[in-house]
Each structure stands twice: as structure tokens, then as C-alpha cells.
Amino acid sequence: MQMRREQVLPALLGFIALLLPTAAFAAIAVPHGNGPAMLTEPTRYAAWLTVAPIVLPIIGSALTLAFRHKIAWQANIAFGAMFLATVSAVFLNIVVLSHGPLLLAAGNWLPPFGIIIAVDVLGALLVLVTCLVGFIGLSYARCDVDHEGASFGFYTFYCLLIAGVCGSFATGDIFNLYVWFEVFLVSSFGMIVFGGERIQMDGAVKYGVLNLIATTIFLIAVGALYGFTGTLNMADIRHVLAETEGAPVVTVGALFVLAFAMKAAAFPLHFWLPASYHTPRIVVGALFAGLLTKVGIYSLMRVMIMLFGDKGTMFLPLIGWVGVATAVLAALGALAQTNLRRLAAFLVISGVGVMMIGIGLDTAEGLTGAIVYAVHSILVMTALFLVIGVVERLTGDADLTIGSNVYARYGLAAGLFLIFGLAVSGLPPFSGFWPKLMLVQASLAGSGALALAGAVGVILSGLLTTIAIGRAWVLVFLRPRDGSENGHVAVGAPRAMAAPLVALAILVVALGLLPTIVIAPAQSGAAGLLDPTVYLQRVQDME
Amino acid sequence: MAFSPDFMLWLALAPFAAALIAPWLVGRIGGRAGWVLALVPAILFVAFASLLPAVANGVTFAYGVEWAPSLGVRYSHFIDGLSLTFALLVTGIGTFIVVYAGGYLSGHGHHGRFLSFLFLFMGSMLGLVVADDLISLFIFYELTSITSFLLIGFDHERSAARRAALQALIVTGSGGLALFAGLVLMRLASGEASVSALLATPDVLREAPAYTAIFVLVCLGAFTKSAQVPFHSWLPNAMEAPTPVSAYLHSATMVKAGVFVLMRFAPVLGDTALWGTVLPLFGGATFLTGVILGIRQTDLKQILAYTTVASLGLLVMLTGIGTEYALAGAVFYLLAHALFKGGLFMVSGAIDHETGTRDITVLGGLITKMPITFLAALLGCLSMAGLPPLVGFVAKEVLYDGLWEVGGVSVATIVAVIGNALMFAIAGAVMLPFLRRPGALPKKPHEAPPALWLGPIVLGGVALGGALLLDDFTHLLVAPMTGAVAGAAVELHPHLIPTGLYPPVILTLVTIGVGLVLFILLSVLRRAVAGLLTAIGWGPDKGFDQVIAGIVRGSVAVTKVVQPGSMQSYVTATFLAIALALLLPLGADGLPDLRYVGSTPEAFYFVILAVAVGGLWIVIRAKTRLIAIVSLGVQGTMVALIFMLYGAPDLSFTQFMVETLSVVILALVMTRLDLKASDHRAGPVATRDGVVAIACGLGFTLLLLNVVQQPFDPRLSEFFLDHAYDIAHGRNVVNVILVDFRALDTLGESAVVMAAGLAILVLIRMVPAVTRRIAAPDPTGTKGEGRA
Amino acid sequence: MSTLIFRTVAPYLSALMILFSVFVLLRGHNEPGGGFIGGLIAASAIAIYGIAYGVETVRRAMYIHPNSLAGFGLLIGALSGVAAIFAGEPLFTGLWWIPVVGGVEIPLSTVMTFDIGVYLVVVGSLSSIALTLEETD
């Protein structure tokens, strides 16, 4: 990336220096007594890999804020933290893929009494993609965020957002999941108002209020669930729920579905997303578009499939139908837009619908497709927003009503947009094709109205997206300047901005050409959700 | 050369590599890059040609590697007569197109980019025709749509080119998605993943329940790609592309992809009543439409484009009829068409390049100025008109044979004769620029450079040679391909010189006679057709615009409904959803037992409750927002009291502090928001909101009652009480939970507090430094969202 | 708001409240109290002082920007959790060191430092919010 070696080293050294005092303390202190509830085996250091992608960005965000007056340090600290987090995420995946779910009992408190971080293949995969996108986005942010931005703590929010998202993917405790939801909600709120423009305030109010409602519903559902299961540990909840009778399981399940669908911006609870995503800085919109809705989708999978088990099956058709509506309506919404940012925001939602179709099919194939789609969507939606940001910087506008002639003037930006746009449309040979293939095949293999509607929904949303992207290409990228201007000035894009985009393009093409690198873990992730025996056994082994 | 499957697999990807280096090479050696790069398709041509003898003897090759094993997708080739012939056309004509493009666009600012697109397209087309795996077949199929989108829009400064590109993408792209669904259904219905496996079990699809769906979807894909009525208008519009693109896409490749797909699956999907009806119907209609519309044109490229539409219709019709001779006719005609149309497009480009116009009513006298180009044009037009001694003639003979054999003087036969006669007349029209008297031209014409005439001459030569060496031509190319389409080996013995006065020969004579008459009446016909079209005033091309505009208008209307822009409606919808999520499941969960009473509460609980409810009442009735906020604080304070009474001083104390601070902060925030001082809702709105609110409240109450009726599992609380001191060394259990048992939650929450503090700072302190871009007004008219 | 009485009382009141907040923080492990509530009290103290003497005075008196304080708090909290790695234990395992100074056991632990971190976050953030809001009025 952009990070030069002389910047990486101080960051690394800084981290080590910070750890020294704690090490010194640890050397003279002893752990609290070993009672009946304590783990007796020494914890493998490998288990720390599960929390590294959470704790490192938290430390990064704490450091950036603690040294907020050192403007020059800000980006470097964030880089250091994200770099280390990404490296640990890579190792986390290696360990999880070879050894199965990896667990860490925080505070050494045995489940179900303490909080466990439990990373299975699905969690590890999503953590890795999150860190990758976070790291790549950072190199874009570095070019985009000025001194003022850094001094107001842009990187603090940035790191915390990543920590929250990674925490959501990694945790094995449902209340802890709620906490991470809050972490990324608050930091995303900080990012959405970042800049202080009037239009942002409007978006921020809608974003903040509606998300707060969703998060609160989630909290209420957790409370009610705790009320009749008496536990917060996910593995334990699965055991207890399987035997629960008479409790309001359906109501609580409906609340979970509602909260997560709202976080995922599914129709008809999607309002907050198109109202806000186009307003903040483009790198913020990019990060949101990539990550936030996927946490909702992930939570739907984790909670409704793994935790609720058989009792969650009744919600799946609902999720599927909502998915069909979301996929098609949001793609229509994208067609209705003239501003590229807004268009992209609707495409995020359309993708959410596609993933929900996959969940709703209630088959391993459908779920696998949804997971692969999630990985693809994280990468490509981030990339699409970033490239739109570059176009805005280069030409002053990114709007269908204004020809920008990007094709002739800035070939690289145009090419990148086309790659990401086609990937979003699900066309080969890019990353979006494979999950669509899997979802269409999984739909058509099934029977019933939902199976047919699912296939039609996936294909139709793909077609509408293709039209939207094609129009954008023709009207914005190919069309020469025709005099109509919005009065915005081109500020130019530094060469260095190309690096993160090219990196994302390489990933998108690589996933298109070598889909197995994602399909294989996604299959095992889906299998782990549908039959979490190994996961449960691992948790049991801790006790 | 020994045949090596791995080598072939990688070699077939060579055009993609060429696409990568083309811009660089053009940068280095400029216009000569075309000659160098043409080696890539030339080598591929040789490699595929080396398989000819084996394939002619009935050998097929199927080989490949795993691509996405978990999905059963392979990157694999299937080489039989059909795919081999197509591969030779793609690479052979491709070679000359690359040379031609090198000359045609030499000096163009985006020359390198153009060659790059061209090679991407070539690679996709080659990948399509040799694909064995059904999914890779689709991938390459869709890639041809994408790359042709880039090629057609290449002259991006002209709005017609941009429109044509988008039209091609949308029409062929949507057809592609239909084909996609069809292929997936084929996989599911047959359990096979490849063409070769399907061909080995030919009846499985015809007998599958999904046959009709598969058939319709595959036809949609093929008809859009091969420009069948009513999807044909993208093809003539695509003439906006630079001529090398037209010559390539519309002779041997892109537009034939649909026909290719039909031929590829003919053995497994064909030979049914549906196939035998739908294909000839659409094909025949397209054939006539194409030639009639072609007559009207005066632009050389447009004329050629419409005759391409016509030829595609003929091919689809013959494929639908499906008898051995009909298929042989289709194959002959396909080859002849690829050769003459590729050549003629290149000729039209050369004329345009040298004279500055393509209008046949202006052009004239080129026979002396451009003799070599004339020769090339002559060969092409003879073949197109179906005159000896060219392949086009043989093709016509064979297809008349086929049609006669099926039904004598049938509708199809009459359609074919009329169509071919018109084709004859049009071929004559194409020769006019050479034969007419010279007129005034934008540029002074002279002979085109070799790069521009080499291709047409060679293609014309092949068409001539193929007819002269008819037996070898048939044995090596036509018979194996016909066999592949028919699904069984065929014996073909066509003649260049008729051995007697058979019905087909009579049909040929009729065709030529009618054609001559039509040629003489050409300008009359042109006016007639033009008048007719003006009278109708509507066509599928206009329809396309209307459809797209309609979709966009519809989208705007839908979006106005689903994203209305007002926060009120969002909140109402959200709470309505919450109320439904709470109340509907009661059907399954059941109502709580209302007789349930816990321990009898003391009187002062009711006092606290009354104060809390009173606070709420004031919140609802408050005239100003400030009063509402303070009353909300009263509410919270009462909750704190309840905590206190239940013996949770920590919680209670915290709740007090939080309530106090939030009232203060909210009040401070209020002073900076320019909200209306109070909230005026119209009566019906207030009623609606009230109903939703009460429904939510009722739902939450019932949920809570339901929950507390369940026996509580005290495992966790007992554990915390038991071990807070002996292990965690703390007597305050609440604190131990916060800082030890669930320290990770607390870490997250303190991060939340930290971020919230910073967010407030940003919210209040950060002012926009420079006027940054503001999203443009929203066409859906969503209020506020996007207005500066 | 800034009456003479208030201005006279405010420094003492604030100082007392901060002292009390530290007391609440430190006793928190065994008696009602803790970092969160302690932080709330301290933040209120700072807010009061700010109302009485103006935000500039408070900012000068605090030496460190309140948001930075919150940052340090989170850092201390996170490092208290990470410290366990050096003892070969998982994240957030409480480490205790109980030196005896003059016959009195003084229990020091990562749990305590974690609580101090929480305290600092709450003080920093809430006083930042209060001061920011006061400032622009």
C-alpha cells in the first residue's frame, strides 16, 4: 500500500513500547485464584488471534484520541493497528480452517458464565475481509482526510468501527454482540456527521434515530431471551432453546429478525440507508456500504439459523420473501437515481435482498451463496463508493445528468468503475457472478413459490443493476462534457488514491477467476451454521 | 504438432493476454502493432486447423481442468465439428480484423485501448464456441456481451454510439440472463454439467418436465443475441461501432453466438414440435424483416447490417426445420455468410476510409480508383447474391434442397425464395459504388492500403476456393459441423454445377429472375418501404426507448413510495413493523396468563408508578419540547427509584446520574436545533401514530408478561453471587460483573462513551472547511435527503 | 447562572466532588461505586466548574484535553485486558498483586486499572460534551 517502511516501524515499536508496562505488571502479579469454574489448561496463545482484530483497532482508536494533537501520528497509528489486525486475521483464518472453531474465554470465565469469543470459519472469513477492507480503505482515507479531519478524530472513529464490526463477527455471546453493535453504531454516527455539512445532519438524524431503534429492539430481544433461557452464551442458548417450551420464542425470534433486517436495510425497513449513505465523506460511505449491512445479514444467519435451530426455520420463508422484495425494489430504486452515490446506496440494499434470498432458501447451498455474496459485497460495494469518490474528485461531479467524459480523460478510473459495476451486477468474470450462480441454482433446485421467486429475484435484480450500471457508464463515463455543470470544482485525485482501488480490483477479479478461495470456507461456514456440532463441542470442552 | 489438451486450454486464453499487452505495444510501435498482434489469432487458427482431419473423421475432443469444483464448474473444451468450425471462423477472420483494425484506426488516440477490447472480445468468443462446461459457456457468452458493449460504444463522443452500446448491452445482457437460467435448469434437469455429457444422453432434456422452460429461456438468449425479431434493432444500431468491429461482430462472431447456442443444443433440445414451430416462425419473420428493411437503406453499413439480420433469421429457420439437408444448408450458409459479410464490411470501411462517405446514392466510379477493393467486393457480392462459383451459391442450392425435401412449395420455401431474391437485389446495390458513374465525393478516392484490402481479398478467395474444392470443403468443415448439429454423422455430396434441372435449380433460377426485377425496381422499392415505415411510425427500436424510459419512470414512481423522504413516515413504518413483530407471533406463543400475580407490591410502588405515568402523560401533552424532555426525566427518575427499592443502589445511582445528565444535555442540544418549539400533528396523523404507539406498548407488555411467567434459570446470577468474592476478590457483585465477569462488554461500552463524546465534539465544532460537493437534487423528489 | 455565591462555592464543590468521585471509584470493587459512577460524578464536577468560571478556565485547569483523557482511559482499559497475555492467561483475566506496606494489604489488580480506565473515559467524554455545549452558548 501507501505505507512506507519508515512509517510501519515506528508504529510497531510504539505498540511494543506500550505493552511493556503491562508486561511488567503481569510479571509481578498473579492471576486470580483457580476455582471450580476456572479453566485449568493453559490457554493457547493462538486463542488470542480471535481477539486481536478487535483489541488492536480499539487500542488504535484509543491511541489516536489520546494523542489527538499529534496530527502526523494519527494515520500512522491507525495504519499500524489495522496492519497488525489484518495480519492476525490472516493467521486466525489459517488456524480456524485447519483446526475448526477457535475460542477464547474472556477473563478465563468458563462458559456460559463469562463472555467467550468464538470464531468459526464464517466468523474468521468475515473478520478477514473486514480487516482487509479496513486496511485498504485507510490508504484511501489518508489521501482524502485533511489535517482538520485528523484532528477531529477521523481515525479514532475509523478504528473503532472496524473493531465493532470484527467484534460482531467474532463474539460467541449474544449480549456482547449487542455491545459491538453499539460500538460500530456510535462510531459510524461520528463518521456520518464528520464534516459538519448541513446535508449530513439530515442524513445523520435519520441514520441515528432509525438505527438506534433497531439496536434497542435487539437489546429488548436479548433481554427477553435471557429472561426465559437464563443465558447469554450462544452455544448455551442453542441448547436451551432446543428444549424450551411455552416461552414466547416466536415473538423474540420476530424481534431479532426485525432488528437484524433493519440493520441490514431490508425492505420495508431500509429507509435509513438511502437517506444517509450519500451524505458523508466518500470513504465513510464506502466503509458503511461494505460493512454495516453485512453485520445485519451475519447476525440473521448466526441467530436465526444457528441459535434458534429448528425454531428459526419458520422465519426463513419470511426472510426469503423480504429478500425478493428488497432485491428487486432496491434495484429499481437504483435505476431511479441520477446521482452515482445514491445509485450505489440502493445497490447496497439490492445486494442485501440477494443475501436474504439465500438465507430464506433454507438449504446449505443457499446459505453458502449468501455467505459468498457477503464477502463479494463487502469488497465491491466499498470499491464502488471509493471509485465514485475518485470520479467526483477528478471531474467535480458524478451524476447521470452531467457527462464527465471520464472514459477519455481518466482511463484508469473509468476501467475500475466498470469492473466494480459489472461485479455488482453479478456479471462474469468478476466476484459477483459465483454467488449469483449458487443462489440461482439453489433456488431452482428447490420447489415452491419462494424457490421460483428467489431465482427470479436474483436474476431480475442483476438485470436491473446491469441496466443501472450501463446507463451510468454511458451517461457519465462515455458522454463528453456538454456544458451543464453543477458548479462543483474538480479537486484532482492524488496518484496514491489509485493504489487501494487497484488492490480492490485485484481482489474482485481474483475472486472471479479463483472462486474456490471463498466458496470453500463459505461452504464450511454454512455447514457450521446448519450443524454447529463442532462449535458446540468446543464450547462444551471448555466447561 | 502433437495435440496437448493443457496447451490448448491455455492457448485459447492467449487473446486475453494480447489484450493486456496491446496498449503497451501500440505505445511502442504504433500502427504496426496490428500486424504483430495478428499473430495471436493466426497461431490459434493454425492450432485449431491441425485438429481438422481428426474431427472430419468423427473424433471429438473433450478436456479441461477444474475451475470451481464445489460447484461442479470446469474450464473445459469440447471440440467437435461445430465448435471447431466456429473456432476457425473466430480466429481466422479475427486475424484479418486485427490487421485491418491496425490500419483503420492507426493514429487514433485510443488505438491501443481499441485493440485491447477487440482481443477481449475475441477471447470471449473463442471461449464460448469451444466451451464444454455449461457454466463456462455462459461466462464467455456474457463476456461477449460486455466486450461488445465496450466496442460498440467506442466512438463515445457520438450519442448514437452510446445509445447503441447501451441497447446492445441491455438486449443481449438480458437475453444472457435468460440463457443463464436455462443453463442452470439444464444442469439441474439432466444432472450433467457439460455439453459433451449432454450430447451423450440426448433425450434426457426433451423428456424433462422443465423442457418448456429450458426451451423458452434458451430461445430468449439466442434470439436476443442473434437479433431475431423483435429484438433485432440493436444490431443495425450497433453499426455505430468502428467498421472493424462491425466486420467482426456481425460476420462470424457476436451475432452468430445465438445461432451457435441453438445449434449447440439442437441435438438435445431440438426435434420437438415446439422447436420445429418456434424457430422457423421467428427465423422466417426475421429473414423477411431483415431484407425488406435492408432495401430501404442507402448507407452501405446499414444495408449490410440488415442483411445480417436477414441471414440470421434464415439460419434460425433452417436450424428449426432441422432435417439433415436443412442443417447442411444452414451450415453452408453460415460459412458463406461469415466469409462474404466479413469481407463486405471491411470493404465498406475501406470505401468510407478513402472517400469519406458510405452513401450508395453518392458513391460511384470506384472500380477504377480502387480496383483491388472492387475485386474483393465482387467476390463478396457474388457469394451474397448466391451466384456461382462461390460458396454462397452452393449454400443456396443445398438449403433449397433441404426445404424442398421437407415440404415442396411450402411457406418456408416461398419465404426463402423471396428473401434470397431481395438479397440478390441488395448485393447488386452494394456493387453500385463501383459500377455507377463517378460523382462528387468528400475525399479524392485512391486505393486503400494493404491492411484494409488484405482481409476481404483473402476471405473472398476462401469463398471461391471452398466452392471450387467443394468436396474437401464439405468433408473437412461442412459435414462434421452438420453432423454435430444433427447429432449424428451425415453424408453430404453437394455439387457446384447442377447435374440436372431439379426443383432447387428451378428455385435458383426463379430467385435470380425475381432478384433482377427487384434490383431494377430498387429505388421504387426503397421509397415504398420508407413510406410504409413512416406510416407505421413505430418500431421495436422506438419500443426499446419506450421500455427503458418506462422502466426508469416506473422506478422513480416506486422509489417515491418506498423512500418518501420524510422522517415521520419512516418512523411510523418502523414502529408499525415493530408492533406487527410483537403482536402477530402471539398467535403462536399465546397470550400471557393474566391471572398471574407476583408478590403483592407495597403501596408506595403504586405511588412511584403513578408519578411515572403522570410524567408520561405530561410528555404526551407537553406544549413545548423542553417540558417534554424534563417530564421524560421524571419518568427515568422513577425507574431509578424502583431500582433502589429492589436493592440495586449501584444501578439506581447510575440511573439517576444518567437521567440528570441526559436531561441537561438534551436541553442544551435543543437550543441548537432549529426545531419547531412544539409538535403539531394533524388529528388523523396523531390518531394513527397513537394507535401504532399503543400497539407497540401493548406488544411489549404482553411480551414481558409472557417472559416473566417463565421460570427463570438462575445459573448465571447464582454463579456471580457465589464467585464474586472467592475468585474475583470483590464484594460488590455489580462492579465485579462490570470489570471482571463481563469486562469485555464494559470495554466496548467505554469505547462507545468515548466515541459519543468525540462525536458530539465533531457535531458541534466541525464546520465545513470548504464547500464540498453536495449530492444533486433527487429526481424522486425525496424531501430533504440531498438538498443542501 | 454565575452568581457570586455560585462562583465562590463552585471551586470547593468541584474539588470535593472530584475527591469523592475518586473515593467512589476505588471502593467500587467491594462497596457500591465503581469507575462508571465515579466518572459521572467527576464529569458533573467539571461541568459545574465550567458553568461558574467559563470553559476556558476549565480547559486550562485540566491541562489535558478531555477527549484525550477519554482516549487514555480506553487505552488503560484495553491494556488492562491485554496484560493477561504475559501471564499466559486469556484476555481480561484479572491479575492481582497484593503488596503489604506497613502491615496493610494493598490489593492492586488489572481489574482496578480497568476500572480506572472506565473512570477516565467517562470523565473525559462527558466533560467534553458538557464543555462543548457550554462553550458555544
# chains A, B, ... in the order shown; residues from 1 in each chain; ligands from 1
call {"tool": "select_by_dssp", "arguments": {"residues": "region 420-492 of chain A", "states": "helix (DSSP H, G or I)", "output": "NGL selection string"}}
result
:A and (420-425 or 433-445 or 449-478)
call {"tool": "select_by_dssp", "arguments": {"residues": "region 52-101 of chain C", "states": "strand (DSSP E or B)", "output": "PDB file with all heavy atoms, in the first residue's frame"}}
result
ATOM      1  N   LEU C  95      -5.412  -9.969  37.085  1.00  0.00           N
ATOM      2  CA  LEU C  95      -4.115 -10.271  37.691  1.00  0.00           C
ATOM      3  C   LEU C  95      -4.006  -9.456  38.972  1.00  0.00           C
ATOM      4  O   LEU C  95      -4.262  -8.251  38.986  1.00  0.00           O
ATOM      5  CB  LEU C  95      -2.987  -9.886  36.725  1.00  0.00           C
ATOM      6  CG  LEU C  95      -3.043 -10.551  35.354  1.00  0.00           C
ATOM      7  CD1 LEU C  95      -1.925 -10.021  34.476  1.00  0.00           C
ATOM      8  CD2 LEU C  95      -2.952 -12.058  35.474  1.00  0.00           C
ATOM      9  N   TRP C  96      -3.605 -10.113  40.016  1.00  0.00           N
ATOM     10  CA  TRP C  96      -3.576  -9.439  41.313  1.00  0.00           C
ATOM     11  C   TRP C  96      -2.169  -9.395  41.868  1.00  0.00           C
ATOM     12  O   TRP C  96      -1.397 -10.343  41.765  1.00  0.00           O
ATOM     13  CB  TRP C  96      -4.498 -10.159  42.312  1.00  0.00           C
ATOM     14  CG  TRP C  96      -5.939 -10.018  41.937  1.00  0.00           C
ATOM     15  CD1 TRP C  96      -6.586 -10.735  40.973  1.00  0.00           C
ATOM     16  CD2 TRP C  96      -6.871  -9.100  42.453  1.00  0.00           C
ATOM     17  NE1 TRP C  96      -7.873 -10.330  40.856  1.00  0.00           N
ATOM     18  CE2 TRP C  96      -8.091  -9.308  41.775  1.00  0.00           C
ATOM     19  CE3 TRP C  96      -6.817  -8.101  43.445  1.00  0.00           C
ATOM     20  CZ2 TRP C  96      -9.234  -8.570  42.033  1.00  0.00           C
ATOM     21  CZ3 TRP C  96      -7.960  -7.389  43.711  1.00  0.00           C
ATOM     22  CH2 TRP C  96      -9.172  -7.606  43.012  1.00  0.00           C
ATOM     23  N   TRP C  97      -1.849  -8.262  42.505  1.00  0.00           N
ATOM     24  CA  TRP C  97      -0.567  -8.110  43.196  1.00  0.00           C
ATOM     25  C   TRP C  97      -0.869  -7.410  44.505  1.00  0.00           C
ATOM     26  O   TRP C  97      -1.364  -6.272  44.509  1.00  0.00           O
ATOM     27  CB  TRP C  97       0.392  -7.272  42.342  1.00  0.00           C
ATOM     28  CG  TRP C  97       1.751  -7.103  42.983  1.00  0.00           C
ATOM     29  CD1 TRP C  97       2.507  -8.070  43.556  1.00  0.00           C
ATOM     30  CD2 TRP C  97       2.470  -5.883  43.113  1.00  0.00           C
ATOM     31  NE1 TRP C  97       3.671  -7.549  44.030  1.00  0.00           N
ATOM     32  CE2 TRP C  97       3.681  -6.212  43.770  1.00  0.00           C
ATOM     33  CE3 TRP C  97       2.220  -4.568  42.753  1.00  0.00           C
ATOM     34  CZ2 TRP C  97       4.644  -5.249  44.055  1.00  0.00           C
ATOM     35  CZ3 TRP C  97       3.196  -3.622  43.049  1.00  0.00           C
ATOM     36  CH2 TRP C  97       4.383  -3.943  43.681  1.00  0.00           C
ATOM     37  N   VAL C 100       2.317  -5.780  50.849  1.00  0.00           N
ATOM     38  CA  VAL C 100       1.979  -5.399  52.223  1.00  0.00           C
ATOM     39  C   VAL C 100       2.864  -4.219  52.589  1.00  0.00           C
ATOM     40  O   VAL C 100       4.092  -4.332  52.640  1.00  0.00           O
ATOM     41  CB  VAL C 100       2.212  -6.583  53.185  1.00  0.00           C
ATOM     42  CG1 VAL C 100       1.839  -6.179  54.606  1.00  0.00           C
ATOM     43  CG2 VAL C 100       1.419  -7.783  52.717  1.00  0.00           C
ATOM     44  N   VAL C 101       2.260  -3.062  52.794  1.00  0.00           N
ATOM     45  CA  VAL C 101       3.019  -1.870  53.147  1.00  0.00           C
ATOM     46  C   VAL C 101       2.659  -1.507  54.586  1.00  0.00           C
ATOM     47  O   VAL C 101       1.518  -1.142  54.871  1.00  0.00           O
ATOM     48  CB  VAL C 101       2.687  -0.688  52.209  1.00  0.00           C
ATOM     49  CG1 VAL C 101       3.522   0.544  52.585  1.00  0.00           C
ATOM     50  CG2 VAL C 101       2.936  -1.090  50.769  1.00  0.00           C
TER      51      VAL C 101
END
call {"tool": "interface_residues", "arguments": {"of": "chain B", "to": "chain C", "cutoff": "8 Å", "atoms": "only C-alpha atoms", "output": "ChimeraX atom specification"}}
result
/B:649-650,653-654,657,665,668-669,728,730-733,735-736,739-740,743-744,746-747,750-751,753-758,760-761,764-765
call {"tool": "atom_distance", "arguments": {"atom1": "CA of Pro601 (chain B)", "atom2": "CA of Val613 (chain B)"}}
result
17.0 Å
call {"tool": "atom_distance", "arguments": {"atom1": "CA of Gly246 (chain A)", "atom2": "CA of Ala577 (chain B)"}}
result
24.1 Å
call {"tool": "atom_distance", "arguments": {"atom1": "CA of Ile627 (chain B)", "atom2": "CA of Ala667 (chain B)"}}
result
9.7 Å
call {"tool": "residues_around", "arguments": {"residues": "region 114-120 of chain A", "least_positions_apart": "5", "cutoff": "6 Å", "atoms": "only C-alpha atoms", "output": "list in words"}}
result
Pro101, Leu102, Leu103, Leu104, Ala105, Ala106, Trp109, Ala170, Thr171, Gly172 and Asp173 of chain A; Phe741 of chain B
